[in-house]
Structure formats: structure tokens, C-alpha cells
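Chemist: One structure, as C-alpha cells, below. Some questions next.
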Amino acid sequence: MKVLVIGSGAREHALVWKIAQSDRVSKIYCAPGNGGIQKIAECINIRANDINMLLNFALKEQIDLTVVGPEAPLVDGIVDIFEENGLKIFGPNKKAARLEGSKVYSKNFMDKYNIPTAKYITYETFQKAMEGLKDFDYPLVIKADGLAGGKGVLICENEIEAENGIVELMNNKKFGEAGEKIVIEEYLEGIEASLLCLINGENIVPMESARDYKKIYDNDEGPNTGGMGCFSPNTIFDEELKDKITKEILEPLKVGFKEENMIFKGVLFIGLMITNNGPKVLEFNVRMGDPETEVVLPRLESDIVDIFEKVIDGVLDKDDLKWTSKKCLTVITASEGYPIKYEKGKEISGLDNLDKDIIVFHGGTKKTEDSLVTNGGRVLAVTALANTLEEARRLAYRNIEKINFEGMYYRKDIGAL
């Protein structure tokens, strides 16, 4: 069968890598792909949000299965459009994708169905938002309503930072229409955790857990990023916590889907904060997380193509997912200045000298005529699979030392903090 993967980051590289392991697949395309993906798939120069061109390509090439990586095309309704044209596609439809496409909708959904989350207030005008700051203690969190490339969440330590954040989002339109409405919410203390769930209509099947590191600097300091490293499974996920998440989050989700007549088929990423008062939802994403995908998929022993098709057909069962007991850890190498401002085009060296069992998923890379160069903020996800987390950590960092590009930066405490 022929498979099309949409996207260009390390998440999509991990998806292509896992799909390539299926005996059922004869050809993989990736649009637009990157410098690493092109080694195992044919990269097509179509942007991930150009739905019409993607549709035409899928129809022309008679694609058997399309897998959507990033959120934007899902929110724009790519699944609905592909299905209307008789194409099989993995991902939630436009209605379900609102859980990520609108923070206001998502928070209201959680509130309506008693899913534990941070206390919040929605604001639709600049003046009301500025006045509303008096109702919160610091630190607090400000979120742009719409999609902002993973950068629309601001953690503000004081009133000055909060006021500046509101000005940037609502007045200066830093993220365009995404900041026309905002959510201000309480800051939750605890341990972050990530849970990817496969949903095939009414049935929710959790995948293995992960722990992400959002802050740019060691010791969880500095601004938020798209994620600087990750490991799986998350050591905090014991049976008691799993039961709580099922009872307090997954079961109410099922009720919400039914009541809202929402047919969700795809992956729901649940960002969690494990507080002293139990697990609370930080956010819903309607696709696989990045870098969570890079540590969860290497632990998956089942054929991922079978899984995608069973989700689409509404027949997936938890027994369809087989996992290795090994631990997986990834460390992100980033461009100097990320997540604020960074340069591209820096030559990457050392990838040919890595241990044979190290997996490198490319995020922001591009292949030129004679070299591989940086093409984004998060450049590489250096990934190791081992019997223990400590061994996976040691392997990843030992191999990162062999990689080089001008201004390369990475956190030194992934898996240790």
C-alpha cells in the first residue's frame, strides 16, 4: 500500500520511520518532509496546510492511507475533505479538532464535563483582560485562543509580564487572529506528564506515557519551547494514577464526545499536571505530541499501519497495542537563540559517527547539494532505547557529543530532573 505522511518535523520523521517497518507498505511519501525523512520516504514539495494540493496529490497517486502530523491541517478540516473524496485518512475531523484549535472551546468543554483543569476566565477584549488580572495570583498563565505554533502559552511571574503578554497577544497581534480571544488561568504546581490516547469513536485506548521538558534551560528555567527532551514511560505513572486518569479524565471525555455528537478518530494528546490534588489537564492536542512521539513509537512493537486502520474503522482494542519494556529517551539539539530568534543554514556534522542503535529523528533540517544544514529551531531528536532510563540517558548524551553545528544547544538534564 502507499502511505502519505503530512508534516516536516521530528514527529513526522518518527511516524515515517515506524510506518516503514510495516510489511504492508510499498511506498511512503512525506509532504513536505525534511533532510532526514528523505532517506526513507519520497519528499513532496507541498506545504502541510495546502489542503487542495495535498488532496490532488493523494487522488492522483491513489494513496491508500494518509497520516496527518501537525495540528493546522486538522483544524482546517483536511480529514473531512479527504473523506468526502473517498480517501482513508488518520486524524480527527474539523469538529473534533476544535479541542486544540480553540483554547476557549477546550476549557469550556472541560468545565462542562467536569474534567479537572486549572481555574480560568476567558476574555474577548483587551480592556477586560487587563482588568481581569486582579482576579489572579502570580504566577499565572495566559493562552492565546487559536493556534500559535506551540508558542501561545505565556507563564507570567508578575503583573508587568502579564500586562506585556496581553499587549503582545491582543494589541500587537503577535500570533494574528489566534490572540483575538485569550484565556487567563491559575498556574498549576506539580509534575508534568503526557499521555497519548488512540480514540476510535467511543473507545479510548491509552498509549504509553511520557515526560516532556518544555523549558529551554536546565533546571526547568527560561521560556517555554515546543519541547527540549522527553522520556517514556513516565516514572510517575503507577496503577493508582492510571486509574485516576481513567475515572476523572477519560470517562468524562467519553461522555463529552457522546453529548456533543463528536466523532473523534485519531490521537488525543493529553498534557497533564500531576498536582497534590490529583491529575489536571493542561491542554488537549488532537495529534501526536513532539517530542513525545519520538520516545513512544520506538517502544511500540505492533504494526502502526494496522493500528491506524483499526482506529479509522472503529475496531481498535487495547490488546492491539504491544509495547517493549525498554525505556526510551530523546534529547533535542536546538539552534542558538531558540525559541526567540535563530539563524538557519548551519552545516551539521557527526551523524555518520553515531552508535548504530542510536535513532536520530530530524526536526529542522534540510539537505543541500553537498551537506545537511539546520532549517529550524529544534533541529535533531537524538534518541536511545535501553533496558533502563539511566542507560538510555547515557547513550543519548554520549552520542550528542559527536554531533556538531554552529550554535548547537541542548539541555543537559533530560531524564535526570
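Lettering and numbering for the C-alpha cells are positional, with chains as A, B, ... in the shown order, residues counted from 1 in each chain, and ligands counted from 1 in the shown order.
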Write out as a PyMOL selection string each polymer residue whose atoms come within 8 Å of region 273-283 of chain A, counting only C-alpha atoms; drop sequence neighbours fewer than 6 positions from it.
Modeler: chain A and resi 100+106+115-118+188-193+241+244-245
Chemist: Write the selection just made, keeping C-alpha atoms, as a compact mmCIF listing (two decimals), in the first residue's frame?
Modeler:
```
# COMPACT_ATOMS: atom_id res chain seq x y z
CA GLU A 100 -6.93 22.06 20.06
CA SER A 106 -11.36 23.30 25.07
CA ILE A 115 -12.71 17.27 33.64
CA PRO A 116 -10.20 18.62 36.19
CA THR A 117 -8.23 21.60 34.90
CA ALA A 118 -6.90 24.97 36.10
CA LEU A 188 -0.61 24.70 38.50
CA GLU A 189 2.23 23.27 40.61
CA GLY A 190 3.26 19.66 40.21
CA ILE A 191 4.90 17.20 37.83
CA GLU A 192 4.15 17.38 34.11
CA ALA A 193 3.13 14.25 32.26
CA LEU A 241 -2.56 7.35 38.86
CA LYS A 244 -7.49 8.22 38.50
CA ILE A 245 -6.86 9.47 34.97
```
Chemist: Apply DSSP to the structure's backbone, then extract all residues of region 20-115 of chain A labelled alpha helix (DSSP H) and return them as a PyMOL selection string.
Modeler: chain A and resi 51-60+71-75+78-84+94-101+103-112
Chemist: Each residue of region 298-330 of chain A with at least one atom at most 12 Å from region 380-399 of chain A should appear once, together with its nearest atom pair and the corresponding distance in Å (one decimal); atoms considered: only C-alpha atoms; ordering: chain, then increasing residue number; output as a tab-separated table.
Modeler:
```
residue	atom	partner	partner_atom	distance
A:Pro298	CA	A:Leu385	CA	7.4
A:Arg299	CA	A:Leu385	CA	7.9
A:Leu300	CA	A:Leu385	CA	11.5
A:Thr324	CA	A:Asn387	CA	9.6
A:Ser325	CA	A:Asn387	CA	7.5
A:Lys326	CA	A:Asn387	CA	4.7
A:Lys327	CA	A:Leu389	CA	5.4
A:Cys328	CA	A:Leu385	CA	4.4
A:Leu329	CA	A:Ala384	CA	5.5
A:Thr330	CA	A:Thr383	CA	4.1
```
Chemist: Any chance you could export the current selection's C-alpha atoms as a PDB file, in the first residue's frame?
Modeler:
```
ATOM      1  CA  PRO A 298      10.282   3.284  19.380  1.00  0.00           C
ATOM      2  CA  ARG A 299       8.655   1.352  22.253  1.00  0.00           C
ATOM      3  CA  LEU A 300       5.703   0.217  20.111  1.00  0.00           C
ATOM      4  CA  THR A 324       8.554  -3.239  24.837  1.00  0.00           C
ATOM      5  CA  SER A 325       9.509  -2.905  28.489  1.00  0.00           C
ATOM      6  CA  LYS A 326      12.608  -0.951  27.426  1.00  0.00           C
ATOM      7  CA  LYS A 327      12.910   2.741  28.250  1.00  0.00           C
ATOM      8  CA  CYS A 328      13.321   5.427  25.618  1.00  0.00           C
ATOM      9  CA  LEU A 329      14.818   8.897  25.961  1.00  0.00           C
ATOM     10  CA  THR A 330      15.348  11.697  23.457  1.00  0.00           C
TER      11      THR A 330
END
```
Chemist: List the neighbours of region 256-271 of chain A out to 9 Å using only C-alpha atoms; skip same-chain residues closer than 2 positions along the sequence, and give me the result as a VMD selection string.
Modeler: chain A and resid 90 to 93 95 to 97 109 to 110 112 to 113 192 to 202 251 to 254 273 280 to 289 308 311 to 314
Chemist: Once you have the residues from the selection above, write them out as a PDB file, in the first residue's frame, restricted to C-alpha atoms.
Modeler:
```
ATOM      1  CA  PHE A  90      -5.918   9.145  10.070  1.00  0.00           C
ATOM      2  CA  GLY A  91      -6.889  12.076  12.270  1.00  0.00           C
ATOM      3  CA  PRO A  92      -9.925  13.748  13.875  1.00  0.00           C
ATOM      4  CA  ASN A  93     -12.402  15.722  11.803  1.00  0.00           C
ATOM      5  CA  LYS A  95     -15.398  19.432  14.722  1.00  0.00           C
ATOM      6  CA  ALA A  96     -13.242  17.257  16.989  1.00  0.00           C
ATOM      7  CA  ALA A  97     -10.098  19.253  16.144  1.00  0.00           C
ATOM      8  CA  PHE A 109     -15.563  21.561  27.245  1.00  0.00           C
ATOM      9  CA  MET A 110     -13.536  20.515  30.302  1.00  0.00           C
ATOM     10  CA  LYS A 112     -18.923  21.357  31.123  1.00  0.00           C
ATOM     11  CA  TYR A 113     -17.957  17.706  31.581  1.00  0.00           C
ATOM     12  CA  GLU A 192       4.150  17.381  34.108  1.00  0.00           C
ATOM     13  CA  ALA A 193       3.126  14.248  32.263  1.00  0.00           C
ATOM     14  CA  SER A 194       1.981  13.439  28.740  1.00  0.00           C
ATOM     15  CA  LEU A 195      -0.476  10.781  27.673  1.00  0.00           C
ATOM     16  CA  LEU A 196      -1.251   9.899  24.055  1.00  0.00           C
ATOM     17  CA  CYS A 197      -4.589   8.189  23.536  1.00  0.00           C
ATOM     18  CA  LEU A 198      -5.891   6.473  20.423  1.00  0.00           C
ATOM     19  CA  ILE A 199      -9.609   7.131  20.024  1.00  0.00           C
ATOM     20  CA  ASN A 200     -11.754   5.195  17.563  1.00  0.00           C
ATOM     21  CA  GLY A 201     -15.095   6.880  18.058  1.00  0.00           C
ATOM     22  CA  GLU A 202     -16.279   5.913  21.534  1.00  0.00           C
ATOM     23  CA  GLU A 251     -14.531   8.570  31.266  1.00  0.00           C
ATOM     24  CA  PRO A 252     -15.835  12.183  31.283  1.00  0.00           C
ATOM     25  CA  LEU A 253     -14.216  12.619  27.853  1.00  0.00           C
ATOM     26  CA  LYS A 254     -16.309   9.744  26.517  1.00  0.00           C
ATOM     27  CA  MET A 273      -0.044  18.321  35.616  1.00  0.00           C
ATOM     28  CA  LYS A 280      -5.353  18.068  35.985  1.00  0.00           C
ATOM     29  CA  VAL A 281      -5.460  18.706  32.244  1.00  0.00           C
ATOM     30  CA  LEU A 282      -3.168  21.447  30.955  1.00  0.00           C
ATOM     31  CA  GLU A 283      -4.176  21.074  27.320  1.00  0.00           C
ATOM     32  CA  PHE A 284      -5.617  18.828  24.663  1.00  0.00           C
ATOM     33  CA  ASN A 285      -3.842  18.353  21.345  1.00  0.00           C
ATOM     34  CA  VAL A 286      -5.545  16.452  18.548  1.00  0.00           C
ATOM     35  CA  ARG A 287      -2.394  14.848  17.155  1.00  0.00           C
ATOM     36  CA  MET A 288       0.745  13.176  18.394  1.00  0.00           C
ATOM     37  CA  GLY A 289       2.997  15.311  20.559  1.00  0.00           C
ATOM     38  CA  PHE A 308      -4.163   3.439  12.196  1.00  0.00           C
ATOM     39  CA  VAL A 311      -8.793   3.390  14.587  1.00  0.00           C
ATOM     40  CA  ILE A 312     -10.325   4.601  11.313  1.00  0.00           C
ATOM     41  CA  ASP A 313     -12.564   1.517  11.133  1.00  0.00           C
ATOM     42  CA  GLY A 314     -13.615   1.930  14.776  1.00  0.00           C
TER      43      GLY A 314
END
```
Chemist: What is the CA of Thr333 (chain A) to CA of Tyr410 (chain A) distance in Å?
Modeler: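 Pair CA of Thr333 (chain A) / CA of Tyr410 (chain A) returns 4.8 Å.
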Chemist: Need to verify the contact set: Tyr342 (chain A), 10 Å, only C-alpha atoms, exclusion of same-chain residues closer than 3 positions in sequence. Can you return it as a PyMOL selection string?
Modeler: chain A and resi 334-339+375-377+407
Chemist: Any chance you could export the current selection's C-alpha atoms as an mmCIF file, in the first residue's frame?
Modeler:
```
data_model
loop_
_atom_site.group_PDB
_atom_site.id
_atom_site.type_symbol
_atom_site.label_atom_id
_atom_site.label_comp_id
_atom_site.auth_asym_id
_atom_site.auth_seq_id
_atom_site.Cartn_x
_atom_site.Cartn_y
_atom_site.Cartn_z
ATOM 1 C CA ALA A 334 18.382 23.301 19.092
ATOM 2 C CA SER A 335 19.611 26.314 17.166
ATOM 3 C CA GLU A 336 21.239 29.101 19.157
ATOM 4 C CA GLY A 337 18.605 31.654 20.174
ATOM 5 C CA TYR A 338 15.633 29.274 20.002
ATOM 6 C CA PRO A 339 12.746 29.770 20.877
ATOM 7 C CA ASN A 375 16.362 24.619 8.956
ATOM 8 C CA GLY A 376 14.517 25.299 12.197
ATOM 9 C CA GLY A 377 14.677 25.920 15.931
ATOM 10 C CA GLY A 407 25.479 27.408 17.899
#
```
Chemist: Find the distance between CA of Ala41 (chain A) and CA of Tyr29 (chain A) and write it in Å to one decimal.
Modeler: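 The value is 5.3 Å.
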Chemist: With distances taken over only C-alpha atoms, which residue among A:Ile51, A:Val153, A:Ile63, A:Ala20 lies nearest Val75 (chain A)?
Modeler: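 Smallest separation from Val75 (chain A) among the options: A:Ile51.
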Chemist: As a PDB file with N, CA and C atoms, in the first residue's frame, please: the residues near Lys107 (chain A) (cut-off 8 Å, only C-alpha atoms, same-chain neighbours under 4 positions excluded).
Modeler:
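As written to disk, out.pdb reads:
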```pdb
ATOM      1  N   LYS A 103      -8.561  27.271  22.489  1.00  0.00           N
ATOM      2  CA  LYS A 103      -8.361  27.066  23.924  1.00  0.00           C
ATOM      3  C   LYS A 103      -9.636  27.385  24.686  1.00  0.00           C
ATOM      4  N   ASP A 111     -14.789  22.191  31.496  1.00  0.00           N
ATOM      5  CA  ASP A 111     -15.645  22.695  32.562  1.00  0.00           C
ATOM      6  C   ASP A 111     -17.023  22.020  32.502  1.00  0.00           C
ATOM      7  N   THR A 117      -9.154  20.716  35.594  1.00  0.00           N
ATOM      8  CA  THR A 117      -8.226  21.599  34.904  1.00  0.00           C
ATOM      9  C   THR A 117      -8.018  22.848  35.766  1.00  0.00           C
ATOM     10  N   TYR A 120     -10.049  29.220  35.348  1.00  0.00           N
ATOM     11  CA  TYR A 120      -9.762  30.117  34.225  1.00  0.00           C
ATOM     12  C   TYR A 120     -10.896  31.106  33.995  1.00  0.00           C
TER      13      TYR A 120
END
```
Chemist: If you measure from CA of Glu124 (chain A) to CA of Gly146 (chain A), what distance in Å do you get, rounded to one decimal?
Modeler: 12.5 Å
Chemist: For a quick check of understanding, using only C-alpha atoms, which of A:Ala144, A:Leu272, A:Ile166, A:Leu354 has the smallest distance to Glu131 (chain A)?
Modeler: A:Ile166
Chemist: Just want the 9 Å neighbourhood of Asn234 (chain A), counted on only C-alpha atoms, with same-chain residues fewer than 3 positions away dropped. Output as a list in words.
Modeler: Ala193, Ser194, Glu208, Ser209, Ala210, Arg211, Phe231 and Phe237 of chain A
Chemist: Nearest to Asp306 (chain A): which of A:Gly9, A:Met228, A:Leu65, A:Glu83 is it, counting only C-alpha atoms?
Modeler: A:Leu65
Chemist: Restricting the calculation to only C-alpha atoms, which member of A:Lys2, A:Lys310, A:Lys322, A:Arg11 is positioned closest to Val379 (chain A)?
Modeler: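 Result for the nearest residue to Val379 (chain A): A:Arg11.
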